[in-house]
>>> print(open('structure_35.pdb').read())   # PDB, C-alpha atoms, pLDDT in the B column
ATOM      1  CA  ALA A   1     -32.308 -86.038 -33.646  1.00 76.00           C
ATOM      2  CA  GLN A   2     -31.343 -82.478 -32.883  1.00 84.00           C
ATOM      3  CA  SER A   3     -33.454 -80.165 -30.734  1.00 89.00           C
ATOM      4  CA  VAL A   4     -33.348 -76.733 -29.153  1.00 94.00           C
ATOM      5  CA  THR A   5     -34.768 -75.405 -25.896  1.00 95.00           C
ATOM      6  CA  GLN A   6     -35.261 -71.739 -25.168  1.00 96.00           C
ATOM      7  CA  PRO A   7     -36.268 -71.648 -21.494  1.00 96.00           C
ATOM      8  CA  ASP A   8     -37.552 -68.083 -21.488  1.00 95.00           C
ATOM      9  CA  ILE A   9     -40.788 -67.402 -23.351  1.00 95.00           C
ATOM     10  CA  HIS A  10     -40.815 -63.664 -22.654  1.00 97.00           C
ATOM     11  CA  ILE A  11     -38.217 -61.235 -21.318  1.00 97.00           C
ATOM     12  CA  THR A  12     -38.735 -57.566 -20.479  1.00 97.00           C
ATOM     13  CA  VAL A  13     -35.693 -55.334 -20.309  1.00 97.00           C
ATOM     14  CA  SER A  14     -35.165 -51.601 -19.872  1.00 97.00           C
ATOM     15  CA  GLU A  15     -33.609 -49.625 -22.678  1.00 97.00           C
ATOM     16  CA  GLY A  16     -29.872 -49.382 -22.107  1.00 97.00           C
ATOM     17  CA  ALA A  17     -29.761 -52.483 -19.923  1.00 98.00           C
ATOM     18  CA  SER A  18     -27.996 -55.685 -20.884  1.00 97.00           C
ATOM     19  CA  LEU A  19     -29.802 -58.649 -22.399  1.00 97.00           C
ATOM     20  CA  GLU A  20     -29.079 -62.359 -22.304  1.00 98.00           C
ATOM     21  CA  LEU A  21     -31.217 -64.980 -24.028  1.00 98.00           C
ATOM     22  CA  ARG A  22     -30.673 -68.615 -23.194  1.00 98.00           C
ATOM     23  CA  CYS A  23     -30.438 -71.484 -25.639  1.00 98.00           C
ATOM     24  CA  ASN A  24     -29.727 -75.136 -24.942  1.00 97.00           C
ATOM     25  CA  TYR A  25     -29.348 -77.675 -27.703  1.00 95.00           C
ATOM     26  CA  SER A  26     -29.273 -81.409 -28.056  1.00 91.00           C
ATOM     27  CA  TYR A  27     -27.093 -82.897 -30.772  1.00 86.00           C
ATOM     28  CA  GLY A  28     -24.648 -85.772 -30.840  1.00 76.00           C
ATOM     29  CA  ALA A  29     -21.831 -84.173 -32.810  1.00 79.00           C
ATOM     30  CA  THR A  30     -20.474 -80.662 -33.209  1.00 79.00           C
ATOM     31  CA  PRO A  31     -23.490 -78.565 -34.037  1.00 87.00           C
ATOM     32  CA  TYR A  32     -24.035 -75.658 -36.371  1.00 90.00           C
ATOM     33  CA  LEU A  33     -25.713 -73.011 -34.192  1.00 93.00           C
ATOM     34  CA  PHE A  34     -27.657 -69.920 -35.172  1.00 94.00           C
ATOM     35  CA  TRP A  35     -29.612 -67.033 -33.729  1.00 97.00           C
ATOM     36  CA  TYR A  36     -32.339 -65.426 -35.810  1.00 96.00           C
ATOM     37  CA  VAL A  37     -34.500 -62.379 -35.063  1.00 96.00           C
ATOM     38  CA  GLN A  38     -38.057 -61.795 -36.219  1.00 94.00           C
ATOM     39  CA  SER A  39     -39.636 -58.357 -36.124  1.00 91.00           C
ATOM     40  CA  PRO A  40     -43.451 -58.200 -36.087  1.00 86.00           C
ATOM     41  CA  GLY A  41     -44.950 -59.221 -39.412  1.00 82.00           C
ATOM     42  CA  GLN A  42     -41.574 -60.012 -40.918  1.00 85.00           C
ATOM     43  CA  GLY A  43     -39.540 -63.038 -41.823  1.00 86.00           C
ATOM     44  CA  LEU A  44     -36.509 -64.139 -39.844  1.00 91.00           C
ATOM     45  CA  GLN A  45     -33.103 -62.518 -40.186  1.00 93.00           C
ATOM     46  CA  LEU A  46     -29.808 -64.133 -39.230  1.00 93.00           C
ATOM     47  CA  LEU A  47     -28.057 -62.431 -36.290  1.00 96.00           C
ATOM     48  CA  LEU A  48     -25.039 -64.715 -36.013  1.00 95.00           C
ATOM     49  CA  LYS A  49     -23.841 -68.287 -36.458  1.00 92.00           C
ATOM     50  CA  TYR A  50     -21.282 -70.692 -35.055  1.00 92.00           C
ATOM     51  CA  PHE A  51     -19.699 -73.488 -37.065  1.00 86.00           C
ATOM     52  CA  SER A  52     -16.279 -73.980 -35.457  1.00 84.00           C
ATOM     53  CA  GLY A  53     -13.318 -72.077 -34.065  1.00 86.00           C
ATOM     54  CA  ASP A  54     -13.611 -69.205 -31.619  1.00 88.00           C
ATOM     55  CA  THR A  55     -16.482 -69.961 -29.257  1.00 91.00           C
ATOM     56  CA  LEU A  56     -17.427 -66.282 -28.911  1.00 96.00           C
ATOM     57  CA  VAL A  57     -19.050 -65.079 -32.109  1.00 96.00           C
ATOM     58  CA  GLN A  58     -20.024 -61.567 -33.061  1.00 96.00           C
ATOM     59  CA  GLY A  59     -23.120 -60.771 -35.063  1.00 96.00           C
ATOM     60  CA  ILE A  60     -25.045 -57.877 -36.463  1.00 95.00           C
ATOM     61  CA  LYS A  61     -26.725 -55.152 -34.425  1.00 94.00           C
ATOM     62  CA  GLY A  62     -24.200 -55.469 -31.596  1.00 96.00           C
ATOM     63  CA  PHE A  63     -25.160 -59.015 -30.594  1.00 97.00           C
ATOM     64  CA  GLU A  64     -22.760 -61.761 -29.581  1.00 97.00           C
ATOM     65  CA  ALA A  65     -23.136 -65.385 -28.537  1.00 98.00           C
ATOM     66  CA  GLU A  66     -20.927 -67.874 -26.753  1.00 96.00           C
ATOM     67  CA  PHE A  67     -20.802 -71.586 -27.517  1.00 95.00           C
ATOM     68  CA  LYS A  68     -20.234 -73.710 -24.421  1.00 94.00           C
ATOM     69  CA  ARG A  69     -19.929 -77.362 -25.351  1.00 92.00           C
ATOM     70  CA  SER A  70     -19.835 -78.560 -21.732  1.00 92.00           C
ATOM     71  CA  GLN A  71     -23.202 -76.919 -21.075  1.00 94.00           C
ATOM     72  CA  SER A  72     -24.709 -77.540 -24.527  1.00 94.00           C
ATOM     73  CA  SER A  73     -25.534 -73.855 -24.626  1.00 96.00           C
ATOM     74  CA  PHE A  74     -25.366 -70.988 -27.094  1.00 97.00           C
ATOM     75  CA  ASN A  75     -26.583 -67.915 -25.217  1.00 98.00           C
ATOM     76  CA  LEU A  76     -27.128 -64.608 -26.960  1.00 98.00           C
ATOM     77  CA  ARG A  77     -26.068 -61.333 -25.363  1.00 98.00           C
ATOM     78  CA  LYS A  78     -26.190 -57.622 -25.968  1.00 98.00           C
ATOM     79  CA  PRO A  79     -24.541 -55.134 -23.593  1.00 97.00           C
ATOM     80  CA  SER A  80     -27.012 -52.272 -24.094  1.00 97.00           C
ATOM     81  CA  VAL A  81     -30.468 -52.794 -25.539  1.00 97.00           C
ATOM     82  CA  HIS A  82     -32.177 -50.321 -27.868  1.00 96.00           C
ATOM     83  CA  TRP A  83     -35.940 -49.982 -28.303  1.00 95.00           C
ATOM     84  CA  SER A  84     -35.538 -51.380 -31.832  1.00 94.00           C
ATOM     85  CA  ASP A  85     -34.336 -54.697 -30.353  1.00 96.00           C
ATOM     86  CA  ALA A  86     -37.906 -55.543 -29.343  1.00 96.00           C
ATOM     87  CA  ALA A  87     -38.637 -58.664 -31.370  1.00 97.00           C
ATOM     88  CA  GLU A  88     -38.817 -62.432 -31.176  1.00 96.00           C
ATOM     89  CA  TYR A  89     -35.538 -64.318 -31.098  1.00 97.00           C
ATOM     90  CA  PHE A  90     -35.017 -67.871 -32.248  1.00 96.00           C
ATOM     91  CA  CYS A  91     -32.113 -70.191 -31.603  1.00 96.00           C
ATOM     92  CA  ALA A  92     -31.544 -72.945 -34.149  1.00 94.00           C
ATOM     93  CA  VAL A  93     -29.279 -75.976 -34.503  1.00 92.00           C
ATOM     94  CA  GLY A  94     -28.225 -77.763 -37.665  1.00 87.00           C
ATOM     95  CA  ALA A  95     -26.077 -80.675 -38.729  1.00 80.00           C
ATOM     96  CA  GLY A  96     -24.529 -78.987 -41.749  1.00 73.00           C
ATOM     97  CA  ASP A  97     -27.228 -80.187 -44.127  1.00 75.00           C
ATOM     98  CA  TYR A  98     -29.389 -77.019 -44.296  1.00 75.00           C
ATOM     99  CA  LYS A  99     -32.148 -78.564 -42.150  1.00 82.00           C
ATOM    100  CA  LEU A 100     -32.409 -76.450 -39.038  1.00 87.00           C
ATOM    101  CA  SER A 101     -34.333 -77.219 -35.867  1.00 90.00           C
ATOM    102  CA  PHE A 102     -35.663 -74.104 -34.178  1.00 93.00           C
ATOM    103  CA  GLY A 103     -36.487 -73.360 -30.574  1.00 94.00           C
ATOM    104  CA  ALA A 104     -39.904 -72.015 -29.606  1.00 94.00           C
ATOM    105  CA  GLY A 105     -38.580 -68.461 -29.452  1.00 95.00           C
ATOM    106  CA  THR A 106     -38.148 -65.737 -26.826  1.00 97.00           C
ATOM    107  CA  THR A 107     -40.104 -62.514 -27.107  1.00 96.00           C
ATOM    108  CA  VAL A 108     -38.184 -59.450 -25.947  1.00 97.00           C
ATOM    109  CA  THR A 109     -40.025 -56.355 -24.794  1.00 97.00           C
ATOM    110  CA  VAL A 110     -38.023 -53.157 -24.269  1.00 97.00           C
ATOM    111  CA  ARG A 111     -39.402 -50.585 -21.856  1.00 96.00           C
ATOM    112  CA  ALA A 112     -38.379 -46.955 -21.928  1.00 90.00           C
TER     113      ALA A 112
ATOM    114  CA  ASN B   1     -33.172 -56.794 -54.356  1.00 66.00           C
ATOM    115  CA  ALA B   2     -36.248 -59.040 -54.156  1.00 77.00           C
ATOM    116  CA  GLY B   3     -34.643 -61.957 -52.241  1.00 93.00           C
ATOM    117  CA  VAL B   4     -37.334 -64.495 -51.311  1.00 96.00           C
ATOM    118  CA  THR B   5     -40.854 -63.579 -52.378  1.00 96.00           C
ATOM    119  CA  GLN B   6     -43.962 -65.330 -51.073  1.00 96.00           C
ATOM    120  CA  THR B   7     -47.525 -64.985 -52.294  1.00 96.00           C
ATOM    121  CA  PRO B   8     -50.181 -64.591 -51.112  1.00 97.00           C
ATOM    122  CA  LYS B   9     -49.487 -62.847 -47.803  1.00 95.00           C
ATOM    123  CA  PHE B  10     -52.922 -63.720 -46.442  1.00 96.00           C
ATOM    124  CA  GLN B  11     -55.401 -66.435 -47.364  1.00 96.00           C
ATOM    125  CA  VAL B  12     -58.606 -67.815 -45.890  1.00 97.00           C
ATOM    126  CA  LEU B  13     -59.766 -71.265 -46.956  1.00 96.00           C
ATOM    127  CA  LYS B  14     -62.631 -73.541 -46.127  1.00 97.00           C
ATOM    128  CA  THR B  15     -61.966 -77.071 -44.962  1.00 97.00           C
ATOM    129  CA  GLY B  16     -61.348 -79.330 -47.935  1.00 97.00           C
ATOM    130  CA  GLN B  17     -60.265 -76.622 -50.338  1.00 97.00           C
ATOM    131  CA  SER B  18     -56.899 -76.785 -52.047  1.00 96.00           C
ATOM    132  CA  MET B  19     -54.425 -74.023 -52.718  1.00 96.00           C
ATOM    133  CA  THR B  20     -50.814 -73.302 -53.575  1.00 98.00           C
ATOM    134  CA  LEU B  21     -48.453 -71.003 -51.730  1.00 98.00           C
ATOM    135  CA  GLN B  22     -45.916 -69.570 -54.121  1.00 98.00           C
ATOM    136  CA  CYS B  23     -42.255 -68.993 -53.340  1.00 98.00           C
ATOM    137  CA  ALA B  24     -39.621 -67.523 -55.624  1.00 97.00           C
ATOM    138  CA  GLN B  25     -36.028 -66.508 -55.012  1.00 97.00           C
ATOM    139  CA  ASP B  26     -33.717 -64.548 -57.286  1.00 96.00           C
ATOM    140  CA  MET B  27     -30.402 -65.342 -55.579  1.00 94.00           C
ATOM    141  CA  ASN B  28     -29.658 -68.570 -57.453  1.00 93.00           C
ATOM    142  CA  HIS B  29     -29.716 -70.507 -54.185  1.00 93.00           C
ATOM    143  CA  GLU B  30     -29.736 -74.258 -54.582  1.00 91.00           C
ATOM    144  CA  TYR B  31     -31.514 -74.972 -51.317  1.00 93.00           C
ATOM    145  CA  MET B  32     -35.137 -74.035 -50.596  1.00 95.00           C
ATOM    146  CA  SER B  33     -37.482 -75.015 -47.808  1.00 96.00           C
ATOM    147  CA  TRP B  34     -40.892 -74.455 -46.274  1.00 97.00           C
ATOM    148  CA  TYR B  35     -41.502 -73.968 -42.563  1.00 96.00           C
ATOM    149  CA  ARG B  36     -44.666 -73.417 -40.593  1.00 97.00           C
ATOM    150  CA  GLN B  37     -44.711 -71.239 -37.503  1.00 94.00           C
ATOM    151  CA  ASP B  38     -47.178 -71.871 -34.709  1.00 93.00           C
ATOM    152  CA  PRO B  39     -47.327 -70.113 -31.317  1.00 87.00           C
ATOM    153  CA  GLY B  40     -45.029 -71.688 -28.751  1.00 84.00           C
ATOM    154  CA  MET B  41     -43.617 -74.184 -31.244  1.00 86.00           C
ATOM    155  CA  GLY B  42     -41.076 -72.194 -33.197  1.00 88.00           C
ATOM    156  CA  LEU B  43     -40.610 -73.118 -36.841  1.00 92.00           C
ATOM    157  CA  ARG B  44     -41.061 -76.658 -38.093  1.00 94.00           C
ATOM    158  CA  LEU B  45     -39.708 -77.896 -41.402  1.00 94.00           C
ATOM    159  CA  ILE B  46     -42.371 -79.139 -43.840  1.00 96.00           C
ATOM    160  CA  HIS B  47     -40.448 -79.941 -47.043  1.00 96.00           C
ATOM    161  CA  TYR B  48     -37.140 -78.978 -48.547  1.00 94.00           C
ATOM    162  CA  SER B  49     -35.216 -79.164 -51.793  1.00 94.00           C
ATOM    163  CA  VAL B  50     -31.475 -79.255 -52.449  1.00 91.00           C
ATOM    164  CA  GLY B  51     -31.831 -78.500 -56.131  1.00 91.00           C
ATOM    165  CA  ALA B  52     -34.144 -78.572 -59.140  1.00 93.00           C
ATOM    166  CA  GLY B  53     -35.918 -81.899 -59.393  1.00 94.00           C
ATOM    167  CA  ILE B  54     -35.004 -82.956 -55.838  1.00 94.00           C
ATOM    168  CA  THR B  55     -37.368 -82.695 -52.873  1.00 96.00           C
ATOM    169  CA  ASP B  56     -37.624 -84.389 -49.504  1.00 94.00           C
ATOM    170  CA  GLN B  57     -39.796 -84.410 -46.419  1.00 94.00           C
ATOM    171  CA  GLY B  58     -39.118 -82.491 -43.276  1.00 92.00           C
ATOM    172  CA  GLU B  59     -40.555 -82.848 -39.801  1.00 91.00           C
ATOM    173  CA  VAL B  60     -44.255 -82.215 -40.597  1.00 95.00           C
ATOM    174  CA  PRO B  61     -44.916 -83.125 -44.273  1.00 96.00           C
ATOM    175  CA  ASN B  62     -48.399 -84.637 -44.042  1.00 96.00           C
ATOM    176  CA  GLY B  63     -51.039 -82.764 -46.032  1.00 96.00           C
ATOM    177  CA  TYR B  64     -48.514 -80.864 -48.129  1.00 97.00           C
ATOM    178  CA  ASN B  65     -46.887 -81.428 -51.507  1.00 97.00           C
ATOM    179  CA  VAL B  66     -43.978 -79.661 -53.161  1.00 97.00           C
ATOM    180  CA  SER B  67     -42.154 -79.677 -56.463  1.00 96.00           C
ATOM    181  CA  ARG B  68     -39.005 -77.979 -57.721  1.00 97.00           C
ATOM    182  CA  SER B  69     -39.021 -77.654 -61.492  1.00 96.00           C
ATOM    183  CA  THR B  70     -36.688 -74.645 -61.544  1.00 96.00           C
ATOM    184  CA  THR B  71     -33.999 -73.259 -59.241  1.00 95.00           C
ATOM    185  CA  GLU B  72     -36.086 -70.151 -58.597  1.00 97.00           C
ATOM    186  CA  ASP B  73     -39.491 -71.572 -57.629  1.00 97.00           C
ATOM    187  CA  PHE B  74     -40.645 -73.861 -54.838  1.00 98.00           C
ATOM    188  CA  PRO B  75     -44.458 -73.921 -54.475  1.00 98.00           C
ATOM    189  CA  LEU B  76     -46.200 -75.545 -51.514  1.00 98.00           C
ATOM    190  CA  ARG B  77     -49.523 -77.238 -52.204  1.00 98.00           C
ATOM    191  CA  LEU B  78     -52.241 -77.967 -49.697  1.00 96.00           C
ATOM    192  CA  LEU B  79     -54.317 -80.741 -51.208  1.00 92.00           C
ATOM    193  CA  SER B  80     -57.315 -80.678 -48.853  1.00 96.00           C
ATOM    194  CA  ALA B  81     -57.026 -77.959 -46.235  1.00 96.00           C
ATOM    195  CA  ALA B  82     -57.753 -78.730 -42.584  1.00 97.00           C
ATOM    196  CA  PRO B  83     -58.111 -76.359 -39.603  1.00 97.00           C
ATOM    197  CA  SER B  84     -54.872 -77.831 -38.210  1.00 96.00           C
ATOM    198  CA  GLN B  85     -53.073 -76.231 -41.136  1.00 97.00           C
ATOM    199  CA  THR B  86     -53.942 -72.749 -39.923  1.00 97.00           C
ATOM    200  CA  SER B  87     -50.503 -71.240 -39.496  1.00 97.00           C
ATOM    201  CA  VAL B  88     -47.939 -68.802 -40.806  1.00 95.00           C
ATOM    202  CA  TYR B  89     -45.837 -70.328 -43.559  1.00 97.00           C
ATOM    203  CA  PHE B  90     -42.302 -69.263 -44.365  1.00 96.00           C
ATOM    204  CA  CYS B  91     -40.251 -70.078 -47.406  1.00 97.00           C
ATOM    205  CA  ALA B  92     -36.474 -69.937 -47.037  1.00 95.00           C
ATOM    206  CA  SER B  93     -33.471 -70.392 -49.287  1.00 95.00           C
ATOM    207  CA  SER B  94     -29.796 -71.007 -48.703  1.00 92.00           C
ATOM    208  CA  TYR B  95     -26.539 -71.641 -50.537  1.00 88.00           C
ATOM    209  CA  SER B  96     -23.160 -73.231 -50.288  1.00 82.00           C
ATOM    210  CA  ARG B  97     -19.824 -71.552 -50.861  1.00 76.00           C
ATOM    211  CA  GLY B  98     -16.964 -73.601 -52.242  1.00 73.00           C
ATOM    212  CA  GLY B  99     -19.002 -76.717 -51.592  1.00 70.00           C
ATOM    213  CA  VAL B 100     -19.470 -75.813 -47.918  1.00 71.00           C
ATOM    214  CA  ASN B 101     -22.916 -75.295 -46.498  1.00 72.00           C
ATOM    215  CA  THR B 102     -23.160 -71.715 -45.220  1.00 72.00           C
ATOM    216  CA  GLY B 103     -26.087 -72.625 -42.992  1.00 75.00           C
ATOM    217  CA  GLU B 104     -27.679 -69.199 -43.441  1.00 84.00           C
ATOM    218  CA  LEU B 105     -31.372 -69.232 -44.321  1.00 91.00           C
ATOM    219  CA  PHE B 106     -32.919 -66.284 -46.149  1.00 92.00           C
ATOM    220  CA  PHE B 107     -36.607 -66.008 -45.319  1.00 93.00           C
ATOM    221  CA  GLY B 108     -39.594 -64.599 -47.112  1.00 94.00           C
ATOM    222  CA  GLU B 109     -42.047 -62.392 -45.220  1.00 92.00           C
ATOM    223  CA  GLY B 110     -44.499 -65.202 -44.606  1.00 94.00           C
ATOM    224  CA  SER B 111     -47.975 -66.252 -45.692  1.00 96.00           C
ATOM    225  CA  ARG B 112     -50.716 -66.283 -43.068  1.00 96.00           C
ATOM    226  CA  LEU B 113     -53.227 -69.034 -43.769  1.00 97.00           C
ATOM    227  CA  THR B 114     -56.522 -69.530 -41.972  1.00 97.00           C
ATOM    228  CA  VAL B 115     -58.598 -72.653 -42.557  1.00 97.00           C
ATOM    229  CA  LEU B 116     -62.198 -72.463 -41.380  1.00 96.00           C
TER     230      LEU B 116
END
>>> encode(input="structure_35.pdb", output="structure tokens")
Amino acid sequence: AQSVTQPDIHITVSEGASLELRCNYSYGATPYLFWYVQSPGQGLQLLLKYFSGDTLVQGIKGFEAEFKRSQSSFNLRKPSVHWSDAAEYFCAVGAGDYKLSFGAGTTVTVRA
Amino acid sequence: NAGVTQTPKFQVLKTGQSMTLQCAQDMNHEYMSWYRQDPGMGLRLIHYSVGAGITDQGEVPNGYNVSRSTTEDFPLRLLSAAPSQTSVYFCASSYSRGGVNTGELFFGEGSRLTVL
């Protein structure tokens, strides 16, 4: 069975600073990997996804993520954080059959 | 551009009551699913459907029923509500392109359910 671990429950970052959110997955074959963002009171929105090919993927809102098979990781990064990036971020893994397994989420707080 | 619409947004039930959470999508997506979100546990899959007339269980199906009579609608039924079902419920849809699963889920805004 597939699973996802997000080691950081809460991260606080200053506006303009860089951000990195960690994600480790467990899956026997090549995974489908996703990052979603959830603003307060809203549903989840897809930031980016990895299926195959280039291991560095670009997403919306200036986010990127790198797939590292040797480390079973798919960390999310943003070079310069904006106050509007305060939200909860979820990493998810799938097997190509629509059923995703989500991590517990990382809450990002942005301080001025 | 309605996307995925869930109703109601908020609901309070007493233990033992039944209710239905409604979900509708207007994107002609073949895949629909229900997740529940609980603090510190992320989202867990309850039930899903890959097309009209086809449903299957996810990770936490007990206490919930679903049906898929049309492509657009995928209601979630709680038969006899329990306090353990207090949660935020999300409906999501997805699609394939050229027979390939895109893997992208489109979520509704959620339904917050409290069972007393």
>>> interface_residues(input="structure_35.pdb", of="chain B", to="chain A", cutoff="12 Å", atoms="all atoms listed in the file", output="ChimeraX atom specification")
/B:3-6,9-10,29-50,56-59,88-96,99-112
>>> write_last_selection(input="structure_35.pdb", atoms="C-alpha atoms", output="mmCIF file, in the frame of the given file")
data_model
loop_
_atom_site.group_PDB
_atom_site.id
_atom_site.type_symbol
_atom_site.label_atom_id
_atom_site.label_comp_id
_atom_site.auth_asym_id
_atom_site.auth_seq_id
_atom_site.Cartn_x
_atom_site.Cartn_y
_atom_site.Cartn_z
ATOM 1 C CA GLY B 3 -34.643 -61.957 -52.241
ATOM 2 C CA VAL B 4 -37.334 -64.495 -51.311
ATOM 3 C CA THR B 5 -40.854 -63.579 -52.378
ATOM 4 C CA GLN B 6 -43.962 -65.330 -51.073
ATOM 5 C CA LYS B 9 -49.487 -62.847 -47.803
ATOM 6 C CA PHE B 10 -52.922 -63.720 -46.442
ATOM 7 C CA HIS B 29 -29.716 -70.507 -54.185
ATOM 8 C CA GLU B 30 -29.736 -74.258 -54.582
ATOM 9 C CA TYR B 31 -31.514 -74.972 -51.317
ATOM 10 C CA MET B 32 -35.137 -74.035 -50.596
ATOM 11 C CA SER B 33 -37.482 -75.015 -47.808
ATOM 12 C CA TRP B 34 -40.892 -74.455 -46.274
ATOM 13 C CA TYR B 35 -41.502 -73.968 -42.563
ATOM 14 C CA ARG B 36 -44.666 -73.417 -40.593
ATOM 15 C CA GLN B 37 -44.711 -71.239 -37.503
ATOM 16 C CA ASP B 38 -47.178 -71.871 -34.709
ATOM 17 C CA PRO B 39 -47.327 -70.113 -31.317
ATOM 18 C CA GLY B 40 -45.029 -71.688 -28.751
ATOM 19 C CA MET B 41 -43.617 -74.184 -31.244
ATOM 20 C CA GLY B 42 -41.076 -72.194 -33.197
ATOM 21 C CA LEU B 43 -40.610 -73.118 -36.841
ATOM 22 C CA ARG B 44 -41.061 -76.658 -38.093
ATOM 23 C CA LEU B 45 -39.708 -77.896 -41.402
ATOM 24 C CA ILE B 46 -42.371 -79.139 -43.840
ATOM 25 C CA HIS B 47 -40.448 -79.941 -47.043
ATOM 26 C CA TYR B 48 -37.140 -78.978 -48.547
ATOM 27 C CA SER B 49 -35.216 -79.164 -51.793
ATOM 28 C CA VAL B 50 -31.475 -79.255 -52.449
ATOM 29 C CA ASP B 56 -37.624 -84.389 -49.504
ATOM 30 C CA GLN B 57 -39.796 -84.410 -46.419
ATOM 31 C CA GLY B 58 -39.118 -82.491 -43.276
ATOM 32 C CA GLU B 59 -40.555 -82.848 -39.801
ATOM 33 C CA VAL B 88 -47.939 -68.802 -40.806
ATOM 34 C CA TYR B 89 -45.837 -70.328 -43.559
ATOM 35 C CA PHE B 90 -42.302 -69.263 -44.365
ATOM 36 C CA CYS B 91 -40.251 -70.078 -47.406
ATOM 37 C CA ALA B 92 -36.474 -69.937 -47.037
ATOM 38 C CA SER B 93 -33.471 -70.392 -49.287
ATOM 39 C CA SER B 94 -29.796 -71.007 -48.703
ATOM 40 C CA TYR B 95 -26.539 -71.641 -50.537
ATOM 41 C CA SER B 96 -23.160 -73.231 -50.288
ATOM 42 C CA GLY B 99 -19.002 -76.717 -51.592
ATOM 43 C CA VAL B 100 -19.470 -75.813 -47.918
ATOM 44 C CA ASN B 101 -22.916 -75.295 -46.498
ATOM 45 C CA THR B 102 -23.160 -71.715 -45.220
ATOM 46 C CA GLY B 103 -26.087 -72.625 -42.992
ATOM 47 C CA GLU B 104 -27.679 -69.199 -43.441
ATOM 48 C CA LEU B 105 -31.372 -69.232 -44.321
ATOM 49 C CA PHE B 106 -32.919 -66.284 -46.149
ATOM 50 C CA PHE B 107 -36.607 -66.008 -45.319
ATOM 51 C CA GLY B 108 -39.594 -64.599 -47.112
ATOM 52 C CA GLU B 109 -42.047 -62.392 -45.220
ATOM 53 C CA GLY B 110 -44.499 -65.202 -44.606
ATOM 54 C CA SER B 111 -47.975 -66.252 -45.692
ATOM 55 C CA ARG B 112 -50.716 -66.283 -43.068
#
>>> residues_around(input="structure_35.pdb", residues="Thr7 (chain B)", least_positions_apart="4", cutoff="8 Å", atoms="only C-alpha atoms", output="PyMOL selection string")
chain B and resi 21-23+111
>>> closest_residue(input="structure_35.pdb", among="A:Arg69, A:Pro79, A:Ala87, A:Arg111", to="Tyr27 (chain A)", atoms="all atoms listed in the file")
A:Arg69
>>> resolve_selection(input="structure_35.pdb", expression="the PyMOL selection byres ((chain B and resi 12) around 9)", output="list in words")
Phe10, Gln11, Leu13, Lys14, Arg112, Leu113, Thr114, Val115 and Leu116 of chain B
>>> residues_near_point(input="structure_35.pdb", point="(-35.3, -77.0, -62.7)", cutoff="9 Å", atoms="all atoms listed in the file", output="CSV table (one decimal) with C-alpha atoms, in the frame of the given file")
chain,number,residue,atom,x,y,z
B,51,GLY,CA,-31.8,-78.5,-56.1
B,52,ALA,CA,-34.1,-78.6,-59.1
B,53,GLY,CA,-35.9,-81.9,-59.4
B,68,ARG,CA,-39.0,-78.0,-57.7
B,69,SER,CA,-39.0,-77.7,-61.5
B,70,THR,CA,-36.7,-74.6,-61.5
B,71,THR,CA,-34.0,-73.3,-59.2
B,72,GLU,CA,-36.1,-70.2,-58.6
B,73,ASP,CA,-39.5,-71.6,-57.6
>>> residues_around(input="structure_35.pdb", residues="Leu78 (chain B)", least_positions_apart="5", cutoff="10 Å", atoms="all atoms listed in the file", output="NGL selection string")
:B and (16-21 or 62-66 or 85)
>>> decode(input="structure_35.pdb", residues="region 103-110 of chain A", atoms="N, CA, C and O atoms", output="mmCIF file, in the first residue's frame")
data_model
loop_
_atom_site.group_PDB
_atom_site.id
_atom_site.type_symbol
_atom_site.label_atom_id
_atom_site.label_comp_id
_atom_site.auth_asym_id
_atom_site.auth_seq_id
_atom_site.Cartn_x
_atom_site.Cartn_y
_atom_site.Cartn_z
ATOM 1 N N GLY A 103 -0.712 12.936 2.675
ATOM 2 C CA GLY A 103 -0.017 13.120 3.939
ATOM 3 C C GLY A 103 -0.895 13.916 4.895
ATOM 4 O O GLY A 103 -1.980 14.378 4.529
ATOM 5 N N ALA A 104 -0.410 14.085 6.115
ATOM 6 C CA ALA A 104 -1.189 14.768 7.153
ATOM 7 C C ALA A 104 -1.212 16.276 6.973
ATOM 8 O O ALA A 104 -1.994 16.963 7.626
ATOM 9 N N GLY A 105 -0.336 16.792 6.100
ATOM 10 C CA GLY A 105 -0.350 18.219 5.815
ATOM 11 C C GLY A 105 0.683 19.003 6.606
ATOM 12 O O GLY A 105 1.089 18.607 7.708
ATOM 13 N N THR A 106 1.128 20.116 6.026
ATOM 14 C CA THR A 106 2.019 21.070 6.688
ATOM 15 C C THR A 106 1.377 22.445 6.618
ATOM 16 O O THR A 106 1.039 22.906 5.523
ATOM 17 N N THR A 107 1.200 23.060 7.772
ATOM 18 C CA THR A 107 0.633 24.400 7.818
ATOM 19 C C THR A 107 1.763 25.421 7.726
ATOM 20 O O THR A 107 2.736 25.345 8.481
ATOM 21 N N VAL A 108 1.629 26.341 6.802
ATOM 22 C CA VAL A 108 2.643 27.387 6.610
ATOM 23 C C VAL A 108 2.091 28.720 7.094
ATOM 24 O O VAL A 108 1.017 29.150 6.651
ATOM 25 N N THR A 109 2.815 29.327 8.000
ATOM 26 C CA THR A 109 2.502 30.675 8.472
ATOM 27 C C THR A 109 3.553 31.618 7.914
ATOM 28 O O THR A 109 4.756 31.328 7.976
ATOM 29 N N VAL A 110 3.119 32.749 7.383
ATOM 30 C CA VAL A 110 4.036 33.747 6.824
ATOM 31 C C VAL A 110 3.993 34.983 7.710
ATOM 32 O O VAL A 110 2.927 35.568 7.919
#
